[in-house]
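Report on one structure; see the data block that follows.
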Amino acid sequence: MFTPATEAILIPLIPFLLFGIIGLAGRRLPEIFSAFLGIGGILASLLFSLHLSVSYFSEPVQGAFVLKEFFSFPWLNFSENLKISIGLVADPISMLMVVVICSVSLMVQWFSLTYMKGEERFQMYYAFLSLFTGSMLGLVLSSNIFQMYIFWELVGVSSFLLIGFYFQKPSAVAASKKAFIVTRFADLGFLIGILLLSYETQTMEFKGILDYFKSGNFNPEVSGIWMSHSLAAWALVLIFVGAAGKSAMFPLHIWLPDAMEGPTPVSALIHAATMVVAGVFLVGRLFPVYSLFEGVMQLVTWIGVLSSILAAIIAISQTDIKRVLAYSTLSQIGYMMFALGVAGKAGAEAGFTASFFHLFTHAFFKSLLFLAAGAIIHAVHSNEVENMGGLRKQMPIVHWLFLIGCLAISGVPPFSGFFSKEEILLNAWKSQPLVYGFALIGSGLTAFYMFRLFFLVFYNKSHSDVHGHESMGLNFPMLLLAIPAVFAGFVPFSSYVTSTGLPEETHLHLMFSIAPVGIGLLGIGLAYLFYFKQNSLPEQWASKLSGLYKLSRGKFYFDELWRAVYQIGLIRALATPAAWIDKNLVDGGLRMGAEKTLRLGDRVKLIQNGKLQDYVLYFLMGILALILLTLLMIQS
Amino acid sequence: MNQELLTPLLILSAFLFFTGVYGFVTRRNMISMLMSAELMLNSANINFVAFNKFLYPGKLDGMFFTLFIITIAAAEAALAIAIIIHVYRQTKSIDVKDADQLI
Amino acid sequence: MESQSVLFYLISGLTAFSALLAVTASQLFRSAIYLLFSLIGIAAIYFMLDQDFIAAVQIIVYVGGIVVLIIFSIFLTQDSGVEMRKSEWWRIAASGMAALSGFLLTALGLVEYNFVTQSDNLVTGGVKELGRALLSLNAGGYVLPFEMVGLLLLAAMIGCIVIAVKLKELPEGKENIQ
């Protein structure tokens with residue numbers, strides 16, 4: 001019916017059009033109608049993307065899945081070497097992302113139908129969701145890095161709009177600003193990186209960039225070396241800064257926990273499943289280039305490890321249900337990052353597959369968890385776990401769904417998280433045992449904090465004043481999400497998504513999985529001991545490990561650190577002198593210029609004095625000067 | 001008249017013209033400025049007649065230009081004097097320096 | 001040097017001299033008289049150029065009309081014997097320099113330039129000839145400019161009356177409708 005190129009255009013175009021329609025119509029559209037428009041549009045996009053990816057994966061080129069360009073036409077021709085085009089491409093990871101984005105977005109929009117009911121700006125909510133979905137789809141399908149950057153910023157804007165959706169709340173406004181500024185700051189690095197990389201490769205196209213490095217044209221000596229690393233390496237580091245900003249890697253993670261001020265379905269869509277993995281996607285897109293640079297890969301690895309461990313530690317002591325999930329998201333994205341990082345080593349190439357496998361499974365179980373949290377918040381009208389507890393009886397279905405999510409994230413077989421995490425750990429072991437060690441600890445922590453949350457919410461002390469209730473409108477999308485959360489692990493992922501594009505076989509190493517599963521179960525057991533029934537164990541351990549506990553509660557004081565950097569570095573070192581310069585030099589210069597002009601005007605206006613004879617004299621002299629000039633010109 | 005006198009005639013005309021210019025710029029009296037303007041017009045007339053006479057003897061255009069200039073000069077003088085009298089009524093002076101406002 | 005040339009130089013000198021006095025004389029009335037002499041000198045030159053009609057018009061219009069008008073207006077606006085106020089020295093110097101250099105430049109150009117004169121055996125500029133051409137409708141006829149000048153004179157006449165007419169003092173409360 002449609003050619004693949006048409007389908008590829010329609011996939012991001014439909015949500016964009018719907019954003020225009022719903023956004024412009026605003027309140028003139030009935031709530032339910034705009035919601036169904038959004039849902040219908042994303043359903044169409046999902047169908048197209050399913051069809052597109054099926055057709056893509058069924059037609060490998062010489063047995064491999066390569067970057068396939070649907071179309072590309074020149075847009076901006078700046079110069080001979082700097083051309084920017086617009087186009088859409090398909091490769092395994094973008095096909096994967098398209099399906100994930102559309103399906104999660106569909107579930108979230110469906111869920112929001114009930115969750116956001118009666119909201120003041122219901123129509124705008126759906127418009128923003130459509131905008132976000134469209135930009136995210138455009139991001140993953142972009143054929144060149146500059147176009148990707150445009151969609152990258154669009155995604156940032158729609159995230160800003162959705163975080164600040166409840167703009168009556170000052171905290172939401174602050175959070176949206178924080179998210180925007182932090183990611184924008186990181187995007188500056190991304191932009192510089194793009195420019196450096198395109199300077200090096202003379203192209204913006206992904207295909208061109210990958211071919212350039214594949215062909216062996218790259219010579220660090222020619223391209224220039226700064227601080228013993230080549231230009232291209234620095235470009236990749238800067239691009240990684242952008243990726244780290246969007247994916248909330250330490251130390252640029254500070255915006256993500258605050259972003260939980262937005263509506264919970266938004267957190268499920270943007271801050272769990274799609275936008276925050278854009279950084280992983282970006283590194284994955286340029287993976288063949290990244291893997292050439294050992295040092296950059298080390299940076300990616302260790303930033304990922306740091307994020308996964310620190311976020312897990314912070315998550316243990318948080319009491320806001322959404323923040324726990326936010327930190328767990330951070331931690332899991334850390335896993336994806338370092339899985340990409342370790343994939344640079346020979347023998348561990350499957351880390352690439354593992355990373356995207358985890359991205360795939362994580363999208364489902366984390367959005368499931370978020371939506372479940374949304375359902376709980378919808379029932380309890382509070383984010384604090386202290387106000388919950390004992391909800392198992394009131395919300396049995398949500399309880400089971402949440403349990404599925406927790407088991408999946410903790411890597412308990414046979415849930416989806418087990419398979420993907422297993423593969424990450426395996427490749428970490430093959431590459432760097434130290435990373436493996438950290439990952440193992442992180443895995444235990446994950447199990448612990450997730451089940452801590454689970455027990456605190458559904459067991460522990462119960463509140464008689466809380467009347468939880470369930471509704472099918474909320475449960476049904478979650479049930480649909482639970483299916484992939486359980487079974488996504490059985491997808492033969494490595495036959496589709498690999499770093500080389502060639503299908504590979506992976507096998508489960510039963511002996512190997514003993515340790516991670518064991519440590520996961522240990523974490524669950526500990527959480528059971530601590531939190532299943534109300535007891536004094538948590539307090540005792542908190543006082544025993546008071547130093548660590550304080551660090552964890554205080555989120556390792558990253559916010560304070562950034563604030564200090566901001567106040568000292570930006571305000572005192574930059575803004576204050578800049579203000580002084582602006583006030584004294586710029587303004588002063590301007591004022592002086594104005595004054596001088598006035599004075600000059602005072603003098604010049606004497607020429608125009610209304611005295612006829614003066615005019616005649618000037619006229620005469622002018623004519624004589626002209627005659628002399630003409631004569632001189634004739635002479636010469 | 002001798003044809004060699006063309007150049008002296010033109011030099012006389014130039015002298016009259018620049019005398020008029022000098023008078024127009026230095027004289028503060030408006031009537032005196034009008035007289036200077038008349039001098040300039042006359043110098044142009046001499047040129048017209050001289051050129052017609054010595055360079056294009058068969059034609060009459062120079063003559064007609066002279067005639068029309070004289071006519072227009074008459075009209076101009078009449079208007080100028082009307083204006084001068086009007087200004088004199090306003091400012092009680094015919095000094096051009098006193099007439100520097102657009103009343 | 002033939003007598004005609006001598007006469008020409010004599011008349012030219014007088015004309016130029018009286019023109020110079022006309023713009024430098026300190027009394028306005030004298031200045032007008034010098035202008036009169038200068039204009040008569042120019043008329044004499046026209047006579048020497050065999051342009052009798054133009055010479056006559058010059059005397060009738062300029063000498064008999066304009067100069068008389070000027071003298072009248074001098075009497076109207078100021079006492080004739082009063083010395084005129086002098087301009088600032090820098091203005092006199094500047095305009096003198098400008099006029100002198102302009103004159104020298106022009107004179108130099110005229111002397112340098114080689115005019116190709118034509119013999120003027122045929123005498124043109126007779127009243128009859130001029131009159132025919134003035135009212136001729138053929139090519140080279142001047143009937144249209146003639147009519148236009150007539151119109152211009154009419155307009156100038158009306159303009160002079162409008163500008164110079166002395167307004168009656170109207171009784172209070174009545175607008176001056178000019």
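Ligands are numbered from 1 in the order shown, chains are lettered A, B, ... in the order of the structure tokens, and residues start at 1 in each chain.
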Item to check | Selection: 9 Å around A:Tyr149, only C-alpha atoms, excl. self and same-chain fewer than 2 positions, as a list in words | outcome: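 Surrounding residues, per the criterion: Leu139, Asn144, Ile145, Phe146, Gln147, Phe151, Trp152, Glu153, Leu154, Asp187, Phe190, Leu191 and Ile194 of chain A.
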Item to check | Shell of 8 Å around B:Asn2, only C-alpha atoms, local chain residues under 3 positions omitted, as a ChimeraX atom specification | outcome: /B:5 /C:4-5
Next on the checklist: I need the chain B residues near chain C as a list in words; criterion: at most 6 Å, counting only C-alpha atoms.
Outcome noted: Ile11, Phe18, Tyr22, Gly23, Thr26, Phe54, Leu55, Pro57, Ala75, Leu79, Ala82 and His86 of chain B
Please tabulate, as JSON lines, the residues of chain A that come within 12 Å of chain C, each with its closest pair of atoms and the distance in Å to one decimal, counting only C-alpha atoms and ordering rows by chain, then residue number upward.
{"residue": "A:Gln613", "atom": "CA", "partner": "C:Arg91", "partner_atom": "CA", "distance": 9.2}
{"residue": "A:Asp614", "atom": "CA", "partner": "C:Arg91", "partner_atom": "CA", "distance": 8.6}
{"residue": "A:Tyr615", "atom": "CA", "partner": "C:Arg91", "partner_atom": "CA", "distance": 11.8}
{"residue": "A:Val616", "atom": "CA", "partner": "C:Ser95", "partner_atom": "CA", "distance": 9.6}
{"residue": "A:Leu617", "atom": "CA", "partner": "C:Ser95", "partner_atom": "CA", "distance": 6.8}
{"residue": "A:Tyr618", "atom": "CA", "partner": "C:Ser95", "partner_atom": "CA", "distance": 9.7}
{"residue": "A:Phe619", "atom": "CA", "partner": "C:Ala98", "partner_atom": "CA", "distance": 10.8}
{"residue": "A:Leu620", "atom": "CA", "partner": "C:Ala98", "partner_atom": "CA", "distance": 7.4}
{"residue": "A:Met621", "atom": "CA", "partner": "C:Ala98", "partner_atom": "CA", "distance": 6.7}
{"residue": "A:Gly622", "atom": "CA", "partner": "C:Ala98", "partner_atom": "CA", "distance": 10.3}
{"residue": "A:Ile623", "atom": "CA", "partner": "C:Gly102", "partner_atom": "CA", "distance": 9.5}
{"residue": "A:Leu624", "atom": "CA", "partner": "C:Gly102", "partner_atom": "CA", "distance": 6.8}
{"residue": "A:Ala625", "atom": "CA", "partner": "C:Gly102", "partner_atom": "CA", "distance": 10.0}
{"residue": "A:Leu626", "atom": "CA", "partner": "C:Gly102", "partner_atom": "CA", "distance": 11.6}
{"residue": "A:Ile627", "atom": "CA", "partner": "C:Leu105", "partner_atom": "CA", "distance": 9.2}
{"residue": "A:Leu628", "atom": "CA", "partner": "C:Leu105", "partner_atom": "CA", "distance": 8.9}
{"residue": "A:Leu631", "atom": "CA", "partner": "C:Leu105", "partner_atom": "CA", "distance": 10.1}
Checklist entry - Contacts of B:Phe24 at 9 Å or less, counting only C-alpha atoms, minus same-chain residues fewer than 3 places along, as a list in words? => result Gln613 and Val616 of chain A; Thr19, Gly20, Val21, Arg27, Arg28, Met30, Ser32, Met33, Leu34, Met35, Ser36 and Ala37 of chain B; Val23 of chain C
Export of prior selection with C-alpha atoms as an mmCIF file, in the first residue's frame:
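Result written to result-v2.cif:
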data_model
loop_
_atom_site.group_PDB
_atom_site.id
_atom_site.type_symbol
_atom_site.label_atom_id
_atom_site.label_comp_id
_atom_site.auth_asym_id
_atom_site.auth_seq_id
_atom_site.Cartn_x
_atom_site.Cartn_y
_atom_site.Cartn_z
ATOM 1 C CA GLN A 613 23.788 83.879 1.849
ATOM 2 C CA VAL A 616 24.707 80.366 -1.492
ATOM 3 C CA THR B 19 30.713 89.969 -9.934
ATOM 4 C CA GLY B 20 27.064 89.100 -9.545
ATOM 5 C CA VAL B 21 27.946 86.060 -7.525
ATOM 6 C CA ARG B 27 25.496 92.112 0.081
ATOM 7 C CA ARG B 28 23.190 91.969 3.052
ATOM 8 C CA MET B 30 17.941 92.146 -0.328
ATOM 9 C CA SER B 32 21.184 94.746 -3.648
ATOM 10 C CA MET B 33 21.095 90.945 -3.904
ATOM 11 C CA LEU B 34 18.372 91.282 -6.494
ATOM 12 C CA MET B 35 20.604 93.604 -8.504
ATOM 13 C CA SER B 36 23.399 91.061 -8.350
ATOM 14 C CA ALA B 37 21.049 88.424 -9.654
ATOM 15 C CA VAL C 23 28.039 95.321 -6.033
#
Checklist entry - Mind listing as a ChimeraX atom specification which residues of chain B are within 7 Å of chain A, counting only C-alpha atoms? => result /B:25,97,100-101
Next on the checklist: Using DSSP secondary structure from the backbone, list all alpha helix (DSSP H) positions within stretch 260-429 of chain A, as a PyMOL selection string.
Outcome noted: chain A and resi 264-268+278-285+287-290+294-317+321-342+350-380+396-410+416-429
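Nearest-residue note for B:Leu67: choosing from B:Ile94, B:Ile81, B:Val87, B:Ile46, the minimum distance belongs to B:Ile46, counting only C-alpha atoms.
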Checklist entry - Interatomic distance between atom CA of A:Trp580 and atom CA of A:Thr597? => result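 Separating atom CA of A:Trp580 from atom CA of A:Thr597 is a distance of 24.2 Å.
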